[in-house]
Amino acid sequence: MDVTPGGSSPAAPGGLPASAAAISLQDIRKQYPDSTVAVADLSLEVKAGELVVLIGPSGCGKSTVLRMINRLIEPTAGRILLDDEDVTAADPVRLRRRIGYVIQNVGLFPHQTILANVGTVPRLIGWSSARIRTRSEELLELVGLDPATFGRRYPHELSGGQRQRVGVARALAADPVVLLMDEPFSAVDPIARARLQEEFLRLQAEVRKTIVLVTHDLDEAVRLGDRIAILSQGGKLEQYDTPAALLGEPASPFVREFVGTDRGIRRLAVTPVTRDLLDPPDASTEPGLPTVRLGSSLYDALATMLTSNADHARVTGDGEPLGLLSRHRLLSIDYPADPVERA
Ligand SMILES: Nc1ncnc2c1ncn2[C@@H]1O[C@H](COP(=O)(O)OP(=O)(O)OP(=O)(O)O)[C@@H](O)[C@H]1O
């Protein structure tokens with residue numbers, strides 16, 4: 001589906017929509033009048049189309065960083081660039097129309113229909129009502145809500161998870177260059193949350209926005225993030241890495257403690273089944289064994305074996321049998337040594 005407004009934005013080199021911007025935080029600082037330093041000196045680069053998760057203990061400055069990007073909070077010092085444009089010099093109202101913002105509990109307007117809620121920003125920037133309607137219906141479909149069923153309803157007539165999807169649709173409506181999300185899924189129960197996360201990943205594969213997402217939940221960070229930035233008090237960047245590198249090579253005792261002792265399980269979730277883990281196919285034992293695909297996560301492979309009460313799984317690629325993965329092999333993978341443990 002074409003999700004650019006009116007389908008008019010040209011694709012940029014690399015297949016990304018022209019409307020995803022890179023973000024560059026350069027030595028940003030936020031000090032409040034009472035002299036609290038929420039963020040001391042943070043630099044962070046986010047590539048166009050990348051999904052970066054900010055995580056860290058309560059009060060470390062995650063929301064402050066997010067809100068400085070759309071200037072709901074003015075930085076005390078430093079520069080923030082969207083591509084080459086200096087955000088700190090831009091008109092804040094115009095800027096916020098180019099940056100989608102999704103918060104916990106969404107903040108939908110209670111007396112407006114779902115369609116009207118989704119069309120909020122396009123209305124502000126003066127689109128025709130026909131274009132707003134088409135765009136809003138398209139977005140509702142994209143987030144998995146049938147416009148004919150949900151478009152005329154009011155927010156209180158939706159479940160929490162459905163409202164959260166409307167929040168995402170609303171944030172995407174005017175094709176923002178960046179999407180900021182502050183604990184977007186934390187108000188829904190764990191099952192709805194897992195489904196929302198999955199759907200959100202599918203949506204991101206389609207729209208490829210530059211996304212900065214704040215969460216308290218490490219599993220969510222590992223599942224969603226292309227890269228994860230772990231912050232400690234004062235917005236200090238402890239590590240900025242892919243989920244696998246972060247779990248496999250925590251850069252400091254702080255990070256190691258933060259990612260916790262169930263790191264092994266999480267690591268299974270970000271490590272794929274590869275050919276070098278397989279024993280040769282064995283026609284005599286294979287019938288009846290569960291099947292997993294090459295490239296699926298070791299975590300999923302283990303879960304499949306456990307639910308089938310099997311010690312092996314058949315591994316296939318493009319429908320062809322490639323070999324057998326044993327539970328023993330899966331659980332005895334020799335990960336590279338943890339540099340913090342070695343030290
Ligand atoms: N108006 C203010 N005046 C003084 N200090 C403030 C103000 N607003 C926020 N702070 C402080 O700035 C720090 C960072 O707050 P922020 O909300 O960014 O943290 P956070 O990491 O998002 O926290 P949480 O995970 O609990 O939501 C906190 O210590 C907070 O108390």
# chains A, B, ... in the order shown; residues from 1 in each chain; ligands from 1
>>> residues_around(residues="range 25-34 of chain A", least_positions_apart="5", cutoff="8 Å", atoms="only C-alpha atoms", output="JSON, numbers by chain")
{"A": [39, 40, 41, 42, 43, 44, 45, 64, 74, 75, 76, 77, 78, 79, 80, 81]}
>>> residues_near_ligand(ligand="ligand 1", cutoff="12 Å", atoms="only C-alpha atoms and all ligand atoms", output="PyMOL selection string")
chain A and resi 29-40+54-68+72-74+103-104+181-183+186+213-217+230-236
>>> write_last_selection(atoms="C-alpha atoms", output="PDB file, in the first residue's frame")
ATOM      1  CA  ARG A  29      21.586  19.289  27.461  1.00  0.00           C
ATOM      2  CA  LYS A  30      18.508  20.053  29.513  1.00  0.00           C
ATOM      3  CA  GLN A  31      18.841  21.802  32.825  1.00  0.00           C
ATOM      4  CA  TYR A  32      15.718  22.934  34.662  1.00  0.00           C
ATOM      5  CA  PRO A  33      15.466  26.242  36.544  1.00  0.00           C
ATOM      6  CA  ASP A  34      15.747  24.372  39.863  1.00  0.00           C
ATOM      7  CA  SER A  35      19.165  23.243  38.498  1.00  0.00           C
ATOM      8  CA  THR A  36      18.149  19.607  37.953  1.00  0.00           C
ATOM      9  CA  VAL A  37      20.164  18.328  35.005  1.00  0.00           C
ATOM     10  CA  ALA A  38      17.811  15.905  33.217  1.00  0.00           C
ATOM     11  CA  VAL A  39      20.182  15.383  30.282  1.00  0.00           C
ATOM     12  CA  ALA A  40      23.806  16.417  30.689  1.00  0.00           C
ATOM     13  CA  LEU A  54      15.600   4.537  24.374  1.00  0.00           C
ATOM     14  CA  ILE A  55      15.647   2.559  27.591  1.00  0.00           C
ATOM     15  CA  GLY A  56      16.987   3.111  31.090  1.00  0.00           C
ATOM     16  CA  PRO A  57      15.939   3.461  34.720  1.00  0.00           C
ATOM     17  CA  SER A  58      13.145   5.793  35.770  1.00  0.00           C
ATOM     18  CA  GLY A  59      14.163   9.452  35.704  1.00  0.00           C
ATOM     19  CA  CYS A  60      17.218   8.971  33.467  1.00  0.00           C
ATOM     20  CA  GLY A  61      15.895  11.476  30.933  1.00  0.00           C
ATOM     21  CA  LYS A  62      14.281   9.316  28.204  1.00  0.00           C
ATOM     22  CA  SER A  63      11.089  11.366  27.836  1.00  0.00           C
ATOM     23  CA  THR A  64      13.080  14.583  28.051  1.00  0.00           C
ATOM     24  CA  VAL A  65      15.205  13.493  25.083  1.00  0.00           C
ATOM     25  CA  LEU A  66      12.108  12.584  23.091  1.00  0.00           C
ATOM     26  CA  ARG A  67      10.354  15.847  23.880  1.00  0.00           C
ATOM     27  CA  MET A  68      13.394  17.901  22.943  1.00  0.00           C
ATOM     28  CA  LEU A  72       7.841  20.251  23.630  1.00  0.00           C
ATOM     29  CA  ILE A  73      10.911  20.802  25.821  1.00  0.00           C
ATOM     30  CA  GLU A  74      13.514  23.366  24.783  1.00  0.00           C
ATOM     31  CA  ILE A 103       2.045   8.679  24.010  1.00  0.00           C
ATOM     32  CA  GLN A 104       0.728   6.201  26.540  1.00  0.00           C
ATOM     33  CA  MET A 181       6.662   7.162  20.726  1.00  0.00           C
ATOM     34  CA  ASP A 182       6.659   7.419  24.519  1.00  0.00           C
ATOM     35  CA  GLU A 183       5.703   4.077  26.068  1.00  0.00           C
ATOM     36  CA  SER A 186       2.436   0.064  28.094  1.00  0.00           C
ATOM     37  CA  LEU A 213      10.565   4.842  20.989  1.00  0.00           C
ATOM     38  CA  VAL A 214      10.846   5.069  24.774  1.00  0.00           C
ATOM     39  CA  THR A 215      10.090   2.008  26.857  1.00  0.00           C
ATOM     40  CA  HIS A 216      10.736   0.502  30.286  1.00  0.00           C
ATOM     41  CA  ASP A 217      10.453  -2.993  28.906  1.00  0.00           C
ATOM     42  CA  ILE A 230      20.682   2.443  27.130  1.00  0.00           C
ATOM     43  CA  LEU A 231      20.758   5.592  29.238  1.00  0.00           C
ATOM     44  CA  SER A 232      21.686   6.111  32.881  1.00  0.00           C
ATOM     45  CA  GLN A 233      20.937   9.114  35.100  1.00  0.00           C
ATOM     46  CA  GLY A 234      21.440  12.470  33.439  1.00  0.00           C
ATOM     47  CA  GLY A 235      20.838  10.998  29.973  1.00  0.00           C
ATOM     48  CA  LYS A 236      24.289   9.415  29.933  1.00  0.00           C
TER      49      LYS A 236
END
>>> closest_residue(among="A:Ser19, A:Ser129, A:Thr120, A:Thr307", to="Leu289 in chain A", atoms="only C-alpha atoms")
A:Thr307
>>> select_by_dssp(residues="range 89-274 of chain A", states="strand (DSSP E)", output="PyMOL selection string")
chain A and resi 99-103+178-182+210-214+227-232+236-241
>>> residues_around(residues="Gly317 in chain A", least_positions_apart="4", cutoff="10 Å", atoms="only C-alpha atoms", output="list of chain:residue names")
A:Arg275, A:Val292, A:Arg293, A:Leu294, A:Gly295, A:Pro321, A:Leu322, A:Gly323
>>> write_last_selection(atoms="C-alpha atoms", output="PDB file, in the first residue's frame")
ATOM      1  CA  ARG A 275      23.081 -24.098   8.888  1.00  0.00           C
ATOM      2  CA  VAL A 292      11.126 -24.683  12.014  1.00  0.00           C
ATOM      3  CA  ARG A 293      12.426 -22.499   9.235  1.00  0.00           C
ATOM      4  CA  LEU A 294      16.050 -21.581   8.723  1.00  0.00           C
ATOM      5  CA  GLY A 295      16.474 -18.037  10.020  1.00  0.00           C
ATOM      6  CA  PRO A 321      14.554 -30.133   4.466  1.00  0.00           C
ATOM      7  CA  LEU A 322      18.027 -28.914   5.445  1.00  0.00           C
ATOM      8  CA  GLY A 323      18.802 -30.893   8.574  1.00  0.00           C
TER       9      GLY A 323
END
>>> atom_distance(atom1="CA of Leu268 in chain A", atom2="CA of Ser297 in chain A")
6.6 Å
>>> closest_residue(among="A:Gly288, A:Asp91, A:Gly264, A:Val53", to="Arg223 in chain A", atoms="only C-alpha atoms")
A:Val53
>>> atom_distance(atom1="CA of Val52 in chain A", atom2="CA of Thr210 in chain A")
8.1 Å
>>> residues_around(residues="Ala20 in chain A", least_positions_apart="5", cutoff="6 Å", atoms="only C-alpha atoms", output="ChimeraX atom specification")
/A:48-49,177,209-210
>>> write_last_selection(atoms="C-alpha atoms", output="PDB file, in the first residue's frame")
ATOM      1  CA  ALA A  48      16.552   7.546   8.245  1.00  0.00           C
ATOM      2  CA  GLY A  49      14.101   4.651   8.476  1.00  0.00           C
ATOM      3  CA  VAL A 177       9.422  12.518   8.735  1.00  0.00           C
ATOM      4  CA  LYS A 209       9.642   5.886   9.307  1.00  0.00           C
ATOM      5  CA  THR A 210      12.472   7.067  11.491  1.00  0.00           C
TER       6      THR A 210
END
>>> residues_around(residues="Ala194 in chain A", least_positions_apart="2", cutoff="12 Å", atoms="only C-alpha atoms", output="list of chain:residue names")
A:Gly161, A:Phe185, A:Ser186, A:Val188, A:Asp189, A:Pro190, A:Ile191, A:Ala192, A:Leu196, A:Gln197, A:Glu198, A:Glu199, A:Phe200, A:Leu201, A:Asp217, A:Asp219, A:Glu220, A:Arg223, A:Leu224
>>> residues_around(residues="His111 in chain A", least_positions_apart="4", cutoff="12 Å", atoms="only C-alpha atoms", output="PyMOL selection string")
chain A and resi 107+115-117+152-157
>>> select_by_dssp(residues="range 29-276 of chain A", states="helix (DSSP H, G or I)", output="PyMOL selection string")
chain A and resi 62-69+87-89+92-97+114-118+120-124+129-142+147-150+155-157+160-172+190-207+218-224+233-235+243-248+253-259+263-270+275-276
>>> write_last_selection(atoms="C-alpha atoms", output="CSV table (one decimal), in the first residue's frame")
chain,number,residue,atom,x,y,z
A,62,LYS,CA,14.3,9.3,28.2
A,63,SER,CA,11.1,11.4,27.8
A,64,THR,CA,13.1,14.6,28.1
A,65,VAL,CA,15.2,13.5,25.1
A,66,LEU,CA,12.1,12.6,23.1
A,67,ARG,CA,10.4,15.8,23.9
A,68,MET,CA,13.4,17.9,22.9
A,69,ILE,CA,13.2,16.4,19.4
A,87,VAL,CA,15.2,21.8,14.9
A,88,THR,CA,16.2,24.3,17.5
A,89,ALA,CA,15.8,27.1,15.0
A,92,PRO,CA,7.9,24.7,16.8
A,93,VAL,CA,4.3,24.4,15.5
A,94,ARG,CA,5.4,23.7,11.9
A,95,LEU,CA,7.9,21.3,13.2
A,96,ARG,CA,5.4,19.3,15.3
A,97,ARG,CA,3.3,18.8,12.1
A,114,ILE,CA,-12.2,8.0,15.2
A,115,LEU,CA,-12.0,9.3,11.6
A,116,ALA,CA,-11.9,12.9,12.8
A,117,ASN,CA,-9.3,12.0,15.3
A,118,VAL,CA,-7.0,10.5,12.6
A,120,THR,CA,-6.5,16.0,13.0
A,121,VAL,CA,-3.1,17.1,11.5
A,122,PRO,CA,-4.2,17.0,7.9
A,123,ARG,CA,-7.1,19.3,8.9
A,124,LEU,CA,-4.7,21.7,10.6
A,129,SER,CA,-11.9,17.1,3.2
A,130,ALA,CA,-12.0,14.4,0.5
A,131,ARG,CA,-8.2,13.9,0.8
A,132,ILE,CA,-8.4,13.8,4.6
A,133,ARG,CA,-11.1,11.2,4.5
A,134,THR,CA,-9.3,9.0,2.0
A,135,ARG,CA,-6.1,9.3,3.9
A,136,SER,CA,-7.7,8.6,7.3
A,137,GLU,CA,-9.5,5.5,6.0
A,138,GLU,CA,-6.3,4.2,4.4
A,139,LEU,CA,-4.5,4.7,7.7
A,140,LEU,CA,-7.1,2.9,9.8
A,141,GLU,CA,-6.9,0.0,7.4
A,142,LEU,CA,-3.1,0.0,7.7
A,147,PRO,CA,-12.9,2.1,8.7
A,148,ALA,CA,-16.5,1.2,8.0
A,149,THR,CA,-16.8,-0.3,11.5
A,150,PHE,CA,-14.6,1.9,13.6
A,155,PRO,CA,-12.9,6.7,21.5
A,156,HIS,CA,-14.7,5.3,24.5
A,157,GLU,CA,-16.3,2.7,22.1
A,160,GLY,CA,-7.4,0.1,24.9
A,161,GLY,CA,-5.4,-1.7,22.2
A,162,GLN,CA,-7.7,-0.3,19.4
A,163,ARG,CA,-7.3,3.2,20.8
A,164,GLN,CA,-3.6,2.8,20.7
A,165,ARG,CA,-3.7,1.8,17.1
A,166,VAL,CA,-5.8,4.9,16.4
A,167,GLY,CA,-3.0,6.9,18.1
A,168,VAL,CA,-0.5,5.4,15.7
A,169,ALA,CA,-2.7,6.1,12.7
A,170,ARG,CA,-3.2,9.7,13.8
A,171,ALA,CA,0.5,10.2,14.2
A,172,LEU,CA,1.2,8.9,10.7
A,190,PRO,CA,0.5,-8.3,27.9
A,191,ILE,CA,-1.3,-10.3,25.3
A,192,ALA,CA,-2.7,-7.3,23.4
A,193,ARG,CA,0.7,-5.7,23.8
A,194,ALA,CA,2.5,-8.6,22.1
A,195,ARG,CA,0.0,-8.5,19.2
A,196,LEU,CA,0.4,-4.7,18.9
A,197,GLN,CA,4.1,-5.0,18.8
A,198,GLU,CA,4.0,-7.6,16.1
A,199,GLU,CA,1.6,-5.5,14.0
A,200,PHE,CA,3.7,-2.4,14.6
A,201,LEU,CA,6.7,-4.2,13.2
A,202,ARG,CA,4.7,-5.1,10.1
A,203,LEU,CA,3.6,-1.5,9.8
A,204,GLN,CA,7.1,-0.2,10.1
A,205,ALA,CA,8.3,-2.6,7.4
A,206,GLU,CA,5.7,-0.9,5.2
A,207,VAL,CA,6.1,2.8,6.1
A,218,LEU,CA,13.7,-4.6,27.7
A,219,ASP,CA,11.8,-7.4,25.9
A,220,GLU,CA,9.9,-4.8,23.9
A,221,ALA,CA,13.2,-3.0,23.2
A,222,VAL,CA,14.8,-6.2,22.0
A,223,ARG,CA,11.8,-7.1,19.9
A,224,LEU,CA,11.3,-3.8,18.2
A,233,GLN,CA,20.9,9.1,35.1
A,234,GLY,CA,21.4,12.5,33.4
A,235,GLY,CA,20.8,11.0,30.0
A,243,PRO,CA,19.9,-5.9,20.4
A,244,ALA,CA,22.2,-8.9,19.8
A,245,ALA,CA,25.4,-6.9,20.5
A,246,LEU,CA,23.9,-5.4,23.6
A,247,LEU,CA,22.9,-8.7,25.0
A,248,GLY,CA,26.0,-10.4,23.9
A,253,PRO,CA,28.7,-3.3,34.5
A,254,PHE,CA,25.7,-0.9,34.4
A,255,VAL,CA,24.5,-2.4,31.2
A,256,ARG,CA,25.1,-5.9,32.3
A,257,GLU,CA,23.1,-5.4,35.4
A,258,PHE,CA,20.4,-3.6,33.4
A,259,VAL,CA,20.0,-6.4,30.9
A,263,ARG,CA,20.2,-12.5,29.1
A,264,GLY,CA,20.7,-16.1,27.8
A,265,ILE,CA,17.0,-16.4,27.0
A,266,ARG,CA,16.9,-13.0,25.4
A,267,ARG,CA,19.9,-13.9,23.4
A,268,LEU,CA,18.1,-16.9,22.0
A,269,ALA,CA,15.4,-14.5,20.8
A,270,VAL,CA,17.8,-12.5,18.7
A,275,ARG,CA,23.1,-24.1,8.9
A,276,ASP,CA,26.2,-24.7,11.0
>>> residues_around(residues="Ile211 in chain A", least_positions_apart="5", cutoff="7 Å", atoms="only C-alpha atoms", output="ChimeraX atom specification")
/A:50-52,178-180
>>> closest_residue(among="A:Leu298, A:Arg329, A:Thr291, A:Asp175", to="Thr316 in chain A", atoms="only C-alpha atoms")
A:Thr291
>>> atom_distance(atom1="CA of Asn309 in chain A", atom2="CA of Ser284 in chain A")
18.1 Å
